[in-house]
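Engineer: Next up is a structure, given as C-alpha cells.
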There are 2 protein chains.
Amino acid sequence: MAEKDIPYKIHLTEGEMPEAWYNVRADMKTDHRPILHPGTLQPVTEDDLRPVFCDELVKQELNDKDRFIEIPGPVRDFYRMYRPSPVVRAYFLEKELKTPAKIYYKYEGGNTSGSHKLNSAIAQAYYAQAQGLKGVTTETGAGQWGTALSMACGYFGLDCKVFMVKVSAEQKPYRKAVMETYGASVTPSPSETTQVGRQILADDPNTTGSLGCAISEAVEAAVTAEGYRYVLGSVLNQVLIHQSIVGLEAKAALEKYGEYPDVIIGCAGGGSNLGGLMAPFMADKLAGRASPRFIAVEPASCPSLTRGRFAYDFCDTGKVTPLAKMYTLGSSFIPASNHAGGLRYHGMSPILSQLYHDGYLDEARAVGQISVFEAAKLFARVEGLLPAPESAHAIRVAIDEALKCRESGESRTILFGLTGTGYFDLAAYMQYNSGVMEDYIPTDEDLKRGLNALPALPGVE
Amino acid sequence: MAEKDIPYKIHLTEGEMPEAWYNVRADMKTDHRPILHPGTLQPVTEDDLRPVFCDELVKQELNDKDRFIEIPGPVRDFYRMYRPSPVVRAYFLEKELKTPAKIYYKYEGGNTSGSHKLNSAIAQAYYAQAQGLKGVTTETGAGQWGTALSMACGYFGLDCKVFMVKVSAEQKPYRKAVMETYGASVTPSPSETTQVGRQILADDPNTTGSLGCAISEAVEAAVTAEGYRYVLGSVLNQVLIHQSIVGLEAKAALEKYGEYPDVIIGCAGGGSNLGGLMAPFMADKLAGRASPRFIAVEPASCPSLTRGRFAYDFCDTGKVTPLAKMYTLGSSFIPASNHAGGLRYHGMSPILSQLYHDGYLDEARAVGQISVFEAAKLFARVEGLLPAPESAHAIRVAIDEALKCRESGESRTILFGLTGTGYFDLAAYMQYNSGVMEDYIPTDEDLKRGLNALPALPGVE
C-alpha cells in the first residue's frame with residue numbers, strides 16, 4: 001500500500017451519518033424554471049401535483065428555499081441497515097494504471113437492490129405510508145429502481161405496482177423475481193392495463209418499450225386508483241435531495257483524511273446519482289469555497305447532455321406528465337437497445353441540466369459501451385467488484401482521467417460514484433466477453449426526429 | 001432501536017484485521033485421524049500430497065501443531081478490499097419475531113464472489129503463484145467457489161480451470177459468465193476432457209453431475225498437467241484454517257460491545273463456513289473458558305451429519321482422492337436436485353466431523369428447503385439482504401432458536417453466519433414464489449446404497 005494511513009475503505013460510523021439531506025436548489029444562482037402543467041402550460045402548483053405525488057414530496061419537489069431537510073427517524077433507521085456506505089481508495093486500480101492520481105469511489109452497491117436507488121425509495125415509501133396511502137406505482141428500466149422500491153414497500157407494508165420496460169422484463173427475468181420476492185407486482189410495459197399503454201401498443205404493436213412509456217403507464221395507474229401515488233427513481237428534484245446523502249457521506253469520509261476531490265465523476269441517465277454525489281461539493285463551488293471539476297458521463301447511444309437541447313419537454317412518452325426545462329432528446333426518442341439500461345432516458349434532471357447550462361457542471365462526456373465494458377472488466381479484475389454497466393460509464397472516465405495524470409505527471413484526486421453491482425447484467429457481460437457487442441451512436445438524422453417533435457411553447461423560454 | 005449503543009453494523013478497522021489464521025486442530029483434544037492414501041491405505045505423507053496441492057498448503061493440511069499461521073502480506077492486502085466484514089445486529093428481525101434474543105450475523109456476502117469462499121481462494125491462489133505455478137484446477141457446484149477462485153486467479157495472473165457440476169452450469173449461465181469475466185475457463189462436469197469424466201459418462205450418460213464427480217475431474221486435470229495444482233473450497237483442514245478469519249473477526253467485533261454468543265449457528269455442506277465461524281469460540285470451549293452451543297445446519301436432502309456414518313471415505317466420486325475420516329453418506333451418494341447447491345456434498349470436513357463425534361459441536365439439524373426459503377424471504381424483507389439458499393439454512397435455525405426464546409422469555413445471544421447473497425439463485429426463489437417447490441427427503445433405502453458402498457478397511461478404525 002502506498003499510504004498506510006489512508007485505509008482501503010473509509011467507513012463513517014452510524015452516528016456520523018447525516019441527519020439531513022441537502023437541497024442544492026437553495027444555493028443555485030439561478031431563477032429556477034418552473035415545472036409546467038401539461039394542460040395549461042402554467043407553472044404547476046402544489047394542488048396540481050398532489051394527485052400524483054405524496055404531499056410531503058410535492059413540497060420537496062417545489063422547495064428551492066430550504067438548504068437542509070431533516071431525514072425522518074424511520075428512514076434513518078432503515079439507512080442504518082446499509083449506510084453509511086464506504087468511500088473506497090482504489091489502490092489496486094491506481095497501481096494497475098501506474099498513475100500518480102489518487103482514485104476514490106463511493107460504493108453504493110452493497111445492499112440487495114444493488115444500487116443507490118434505495119436511498120430515495122425508502123424515503124418515498126416512508127412518506128407514502130405516513131400519509132396513510134395503500135400503495136405506489138412506478139416504472140423501472142434496468143430494474144434497479146424497481147428492486148429498491150419493492151424492498152422499501154415490503155419493509156413499510158405498502159402495495160407496489162411496477163411497470164417494467166418490456167425488453168428489460170424479458171431480458172431480466174431474475175430482476176422480476178427479486179421484486180416479486182419482496183411482494184411487488186411487475187407488469188411489462190407497454191401493457192393493456194392502462195389507456196396510455198393501449199394507445200402506445202396500437203401505434204406500434206412491436207415496441208420493446210422505454211422508460212418514457214413506462215412512466216406514462218405508472219402515472220395513469222396511480223391517479224386512477226384510490227390511495228395510490230406515483231413515485232419516480234431519478235430526474236425529480238426530490239430524488240436529488242434524497243441522493244444528497246451519497247455526497248454528504250463521501251465528503252465527510254474524505255475530510256477525515258484531509259482529502260478533497262479535484263475531479264468528481266458520475267454516470268448520468270436521469271441524473272440522480274451524479275446529482276447526489278456532487279451536491280455538497282457543488283455547494284462549495286457555488287459559494288466559491290472550492291472549484292472541483294464535475295464530469296457527467298452518458299452513453300453515446302442516449303446523449304441527452306452532449307447532443308440534446310436545453311428546452312421544455314415532457315418527462316414521459318405519453319405526455320401525461322408536466323413539462324420540465326431540461327436537456328432532452330425529445331420525449332419521443334427511444335434509444336437503441338443498449339445494455340446500460342438505466343441510462344436510457346430521453347431527458348435529464350432539471351437541476352443537473354441547469355447547472356450544466358450555467359457552467360457549474362463542467363463537462364458532459366458520451367462514451368461507447370464497448371469501451372465501458374473494457375473498463376468494467378479491468379476494474380472487476382483489480383478491484384474485485386463487478387460493476388453495473390451504468391456505473392462502469394463513470395469508471396471509464398475515471399480511468400481516462402487517471403491516465404491523463406500518468407502522462408502529465410500531475411497527482412490529482414479523483415472521486416467517482418460506483419452506483420451499483422452488475423449481478424443482473426451478466427447477459428451484457430457475456431455479450432462483451434464473446435466479442436459480439438457493438439456500439440450504437442445515433443446519427444444527427446436519428447436525433448432530429450425527437451428534437452423536431454419538442455413541444456412548441458410560445459412565450460415560454 | 002432498542003440499544004442505541006450497539007450499532008446495526010459493527011465494523012472492525014482494517015488495522016484490527018487478524019494477522020494470523022487460527023488452526024483449531026492444535027487445540028483439539030483428540031488423536032487426529034490421518035488422511036489415507038487411496039492406493040496404499042497408509043497415512044499420506046507430504047510427498048504424497050505435493051503433486052496435488054501447493055507445497056505450503058500441504059504443510060497446512062497436515063499441521064496439527066501450530067495454533068496460529070501468519071497471513072501473508074499480499075493476502076492481507078487483498079483482504080483489505082473487502083474485509084474486515086461486518087457483524088450485523090439483526091434489530092429488525094428481532095422486532096419482527098418479537099423475541100428477547102439478540103441476533104447477530106457475520107456477513108460474508110459483500111464481495112463480488114458473493115460469499116465467504118474468497119477468504120480461502122485468495123490464500124490458495126497466492127501460494128500457487130508464490131510457488132511459480134502456471135495455474136490451478138478446481139470444481140464448483142452452486143458456483144460461489146468457482147467465482148471466488150476466478151477472482152483470486154485473475155488478481156494473481158494465474159490460469160484457472162473450473163469443472164462445474166453440469167446441472168449447475170446449465171441452470172446458472174450467469175455464474176459461468178462471471179467466472180469467464182475474471183478469465184477462468186469453465187467445463188461442465190462430467191466432461192470428456194478427463195479419463196474419470198469419460199468413465200462416469202460411460203456408466204451413466206444422463207448424469208447431471210455432482211461435486212464428487214467434479215472433484216475427480218479437477219484432481220486428474222491438475223496432476224496430469226505441468227505446473228498445475230488442485231485447489232478445493234471446503235472440507236479440507238487448510239480451508240478451515242483460512243476461514244478462521246471469519247470467526248476471529250466476529251469474536252473481536254462482538255468483544256467491542258461486551259457480547260459473547262450463547263448459540264453459534266452455521267450452514268454446513270463441506271463445513272468451511274461453520275468451521276471458520278466457530279473456530280475461536282471452539283478454542284474457548286476446548287479450553288474450558290466458555291461453553292457456547294454450536295449448531296450445524298444441513299439440508300434434509302443431503303444429511304451427512306444427521307444420517308451419515310462417521311467412517312473413512314473417499315472425498316470424491318471417482319475415488320482418486322485420499323480417504324478421510326468423516327461423516328459421510330458414501331462417495332457414491334448423489335443428492336436429489338436441490339437448489340441449495342452448495343450444500344450437496346456427500347461428506348463433511350474431518351475437523352467438524354471429529355468435533356461433532358466428540359460432542360464439542362453440540363448439534364446437527366437437517367431442514368427442508370421450503371422452510372429454508374420461507375426464512376430467506378422473511379429475512380430479505382425485514383433485514384434488506386437477499387440471502388443465498390445455503391445461508392438461509394442458518395437463518396432458518398436462528399429464527400427457530402429466537403422463537404424458542406420468545407416462548408421461554410430467555411434472552412440469549414445468537415450468532416449465525418450469513419455466508420452469501422442469493423443474486424445467482426433467483427431461479428430457486430422463483431420456484432418458491434410460485435409455490436411449486438418441494439422438499440426432498442431421502443428414505444433409509446436411498447441412503448443405504450451409498451452407506452453400504454463405503455470402503456471396507458480391515459484394521460482401520
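Chain identifiers are assigned as A, B, and so on, following the order in which chains appear in the C-alpha cells; residues are numbered from 1 within each chain, and ligands are numbered from 1 in order of appearance.
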Quick one: which residues from chain B are at most 6 Å off chain A, using only C-alpha atoms, as a list of chain:residue names?

Structural biologist: B:Thr112, B:Gly154, B:Tyr155, B:Tyr174, B:Ala177, B:Arg381, B:Val382, B:Leu385, B:Leu386, B:Leu426, B:Met430

Engineer: Name the residues in contact with Ile334 in chain A at a cut-off of 10 Å, using only C-alpha atoms, excluding same-chain residues fewer than 5 positions from it; report them as a list of chain:residue names.

Structural biologist: A:Thr207, A:Thr208, A:Gly209, A:Ser210, A:Leu211, A:Gly212, A:Cys213, A:Ser301, A:Cys302, A:Thr317, A:Leu329, A:Arg344, A:Tyr345, A:His346, A:Leu447, A:Gly450

Engineer: If you run DSSP on the backbone, which residues of range 1-193 of chain A are strand (DSSP E), as a VMD selection string?

Structural biologist: chain A and resid 9 to 10 20 to 22 68 to 70 87 to 89 102 to 107 135 to 140 159 to 165 185 to 189

Engineer: For Pro292 in chain A, please output as a list in words all residues within 9 Å (counting only C-alpha atoms; exclusion window: fewer than 2 positions along the same chain).

Structural biologist: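 Neighbouring residues, sequence-local ones excluded: Tyr260, Pro261, Asp262, Val263, Ile264, Phe281, Met282, Asp284, Lys285, Ala290 and Phe294 of chain A.
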
Engineer: Of the candidates B:Gly247, B:Gly359, B:Gly270, B:Gly318, which one gets nearest to Ala283 in chain B if we count only C-alpha atoms?

Structural biologist: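 Residue with the minimum atom-to-atom distance to Ala283 in chain B: B:Gly247.
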
Engineer: Distance CA of Glu61 in chain B-CA of Leu236 in chain B, one decimal place?

Structural biologist: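 The value is 7.0 Å.
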
Engineer: Quick one: residues within 10 Å of Ser191 in chain B, only C-alpha atoms counted, chain neighbours fewer than 4 positions away excluded, as number ranges by chain?

Structural biologist: B: 163-166, 187, 195-201, 209, 213-214, 217

Engineer: The selected residues should be written to file as a tab-separated table (two decimals), in the first residue's frame (atoms: all heavy atoms).

Structural biologist:
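again15.tsv, written as the output of this step:
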```tsv
chain	number	residue	atom	x	y	z
B	163	PHE	N	-14.16	-27.00	-13.14
B	163	PHE	CA	-15.13	-28.03	-13.53
B	163	PHE	C	-16.41	-27.75	-12.75
B	163	PHE	O	-16.42	-27.82	-11.52
B	163	PHE	CB	-14.57	-29.43	-13.24
B	163	PHE	CG	-13.44	-29.80	-14.16
B	163	PHE	CD1	-12.13	-29.44	-13.85
B	163	PHE	CD2	-13.69	-30.47	-15.35
B	163	PHE	CE1	-11.08	-29.75	-14.71
B	163	PHE	CE2	-12.65	-30.78	-16.22
B	163	PHE	CZ	-11.34	-30.43	-15.91
B	164	MET	N	-17.45	-27.41	-13.49
B	164	MET	CA	-18.69	-27.00	-12.84
B	164	MET	C	-19.74	-28.11	-12.98
B	164	MET	O	-19.98	-28.59	-14.11
B	164	MET	CB	-19.20	-25.71	-13.49
B	164	MET	CG	-20.42	-25.11	-12.81
B	164	MET	SD	-20.77	-23.44	-13.46
B	164	MET	CE	-22.08	-22.93	-12.33
B	165	VAL	N	-20.33	-28.50	-11.87
B	165	VAL	CA	-21.35	-29.55	-11.88
B	165	VAL	C	-22.34	-29.24	-13.01
B	165	VAL	O	-22.88	-28.14	-13.09
B	165	VAL	CB	-22.08	-29.62	-10.53
B	165	VAL	CG1	-23.21	-30.64	-10.56
B	165	VAL	CG2	-21.09	-29.95	-9.41
B	166	LYS	N	-22.57	-30.22	-13.89
B	166	LYS	CA	-23.29	-29.98	-15.14
B	166	LYS	C	-24.64	-29.30	-14.92
B	166	LYS	O	-24.99	-28.31	-15.58
B	166	LYS	CB	-23.49	-31.28	-15.91
B	166	LYS	CG	-23.93	-31.07	-17.34
B	166	LYS	CD	-24.33	-32.38	-18.02
B	166	LYS	CE	-23.13	-33.07	-18.65
B	166	LYS	NZ	-23.49	-34.39	-19.19
B	187	THR	N	-15.69	-25.77	-17.51
B	187	THR	CA	-16.08	-27.00	-18.20
B	187	THR	C	-17.19	-27.70	-17.41
B	187	THR	O	-16.99	-28.02	-16.24
B	187	THR	CB	-14.87	-27.96	-18.30
B	187	THR	OG1	-13.77	-27.26	-18.88
B	187	THR	CG2	-15.21	-29.19	-19.11
B	195	GLN	N	-10.13	-38.67	-18.05
B	195	GLN	CA	-10.38	-40.11	-18.08
B	195	GLN	C	-11.54	-40.44	-17.14
B	195	GLN	O	-12.45	-41.18	-17.49
B	195	GLN	CB	-9.11	-40.82	-17.64
B	195	GLN	CG	-9.00	-42.22	-18.16
B	195	GLN	CD	-7.67	-42.85	-17.71
B	195	GLN	OE1	-6.64	-42.16	-17.59
B	195	GLN	NE2	-7.69	-44.14	-17.45
B	196	VAL	N	-11.48	-39.86	-15.92
B	196	VAL	CA	-12.52	-40.18	-14.94
B	196	VAL	C	-13.87	-39.64	-15.39
B	196	VAL	O	-14.90	-40.29	-15.19
B	196	VAL	CB	-12.11	-39.67	-13.53
B	196	VAL	CG1	-12.01	-38.15	-13.50
B	196	VAL	CG2	-13.06	-40.16	-12.46
B	197	GLY	N	-13.87	-38.52	-16.08
B	197	GLY	CA	-15.11	-37.96	-16.61
B	197	GLY	C	-15.72	-38.88	-17.66
B	197	GLY	O	-16.92	-39.15	-17.66
B	198	ARG	N	-14.85	-39.36	-18.55
B	198	ARG	CA	-15.33	-40.27	-19.60
B	198	ARG	C	-15.90	-41.55	-19.00
B	198	ARG	O	-16.92	-42.08	-19.45
B	198	ARG	CB	-14.19	-40.59	-20.58
B	198	ARG	CG	-13.81	-39.40	-21.47
B	198	ARG	CD	-12.82	-39.78	-22.58
B	198	ARG	NE	-11.50	-40.14	-22.08
B	198	ARG	CZ	-10.51	-39.29	-21.86
B	198	ARG	NH1	-10.67	-37.99	-22.09
B	198	ARG	NH2	-9.34	-39.71	-21.41
B	199	GLN	N	-15.27	-42.02	-17.94
B	199	GLN	CA	-15.73	-43.25	-17.28
B	199	GLN	C	-17.11	-43.03	-16.64
B	199	GLN	O	-18.01	-43.85	-16.79
B	199	GLN	CB	-14.71	-43.66	-16.20
B	199	GLN	CG	-15.02	-44.99	-15.53
B	199	GLN	CD	-15.09	-46.13	-16.55
B	199	GLN	OE1	-14.18	-46.31	-17.36
B	199	GLN	NE2	-16.20	-46.88	-16.55
B	200	ILE	N	-17.24	-41.89	-15.95
B	200	ILE	CA	-18.52	-41.59	-15.29
B	200	ILE	C	-19.63	-41.44	-16.34
B	200	ILE	O	-20.74	-41.94	-16.16
B	200	ILE	CB	-18.39	-40.30	-14.42
B	200	ILE	CG1	-17.46	-40.57	-13.22
B	200	ILE	CG2	-19.76	-39.82	-13.94
B	200	ILE	CD1	-17.01	-39.31	-12.48
B	201	LEU	N	-19.30	-40.80	-17.46
B	201	LEU	CA	-20.29	-40.65	-18.54
B	201	LEU	C	-20.64	-42.00	-19.18
B	201	LEU	O	-21.79	-42.23	-19.56
B	201	LEU	CB	-19.77	-39.69	-19.60
B	201	LEU	CG	-19.85	-38.20	-19.25
B	201	LEU	CD1	-19.09	-37.36	-20.29
B	201	LEU	CD2	-21.30	-37.73	-19.15
B	209	GLY	N	-24.31	-34.79	-12.92
B	209	GLY	CA	-23.07	-34.43	-12.24
B	209	GLY	C	-23.26	-34.23	-10.76
B	209	GLY	O	-24.38	-34.22	-10.24
B	213	CYS	N	-18.05	-35.91	-8.49
B	213	CYS	CA	-17.54	-36.15	-9.85
B	213	CYS	C	-16.59	-35.03	-10.27
B	213	CYS	O	-15.52	-35.28	-10.83
B	213	CYS	CB	-18.67	-36.14	-10.88
B	213	CYS	SG	-19.93	-37.39	-10.67
B	214	ALA	N	-17.02	-33.81	-10.01
B	214	ALA	CA	-16.24	-32.66	-10.48
B	214	ALA	C	-14.88	-32.62	-9.79
B	214	ALA	O	-13.87	-32.24	-10.40
B	214	ALA	CB	-17.02	-31.36	-10.24
B	217	GLU	N	-12.53	-35.01	-11.56
B	217	GLU	CA	-12.02	-34.46	-12.81
B	217	GLU	C	-10.96	-33.39	-12.58
B	217	GLU	O	-9.93	-33.35	-13.25
B	217	GLU	CB	-13.17	-33.85	-13.64
B	217	GLU	CG	-14.11	-34.88	-14.22
B	217	GLU	CD	-14.79	-34.33	-15.47
B	217	GLU	OE1	-14.22	-34.46	-16.59
B	217	GLU	OE2	-15.88	-33.76	-15.32
```

Engineer: Looking at A:Leu454, A:Val246, A:Leu232, A:Leu323, which one is nearest to Tyr105 in chain A, with distances taken over only C-alpha atoms?

Structural biologist: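 Smallest separation from Tyr105 in chain A among the options: A:Val246.
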
Engineer: Please determine, counting only C-alpha atoms, which residue among A:Gly308, A:Cys160, A:Ile395, A:Val367 has the shortest atom-to-atom distance to Asn452 in chain A.

Structural biologist: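 Using only C-alpha atoms, the shortest distance to Asn452 in chain A belongs to A:Gly308.
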
Engineer: Choose the residue, out of A:Ala287, A:Ala364, A:Ala225, A:Ile351, that has the smallest atom-to-atom separation from Asp31 in chain A; count only C-alpha atoms.

Structural biologist: A:Ile351

Engineer: As an MDAnalysis selection string, list the residues of range 42-257 of chain A assigned to helix (DSSP H, G or I) by DSSP on the backbone atoms of this structure.

Structural biologist: chainID A and resid 46:49 55:62 73:79 91:97 118:130 144:156 166:171 173:181 195:203 211:223 237:255
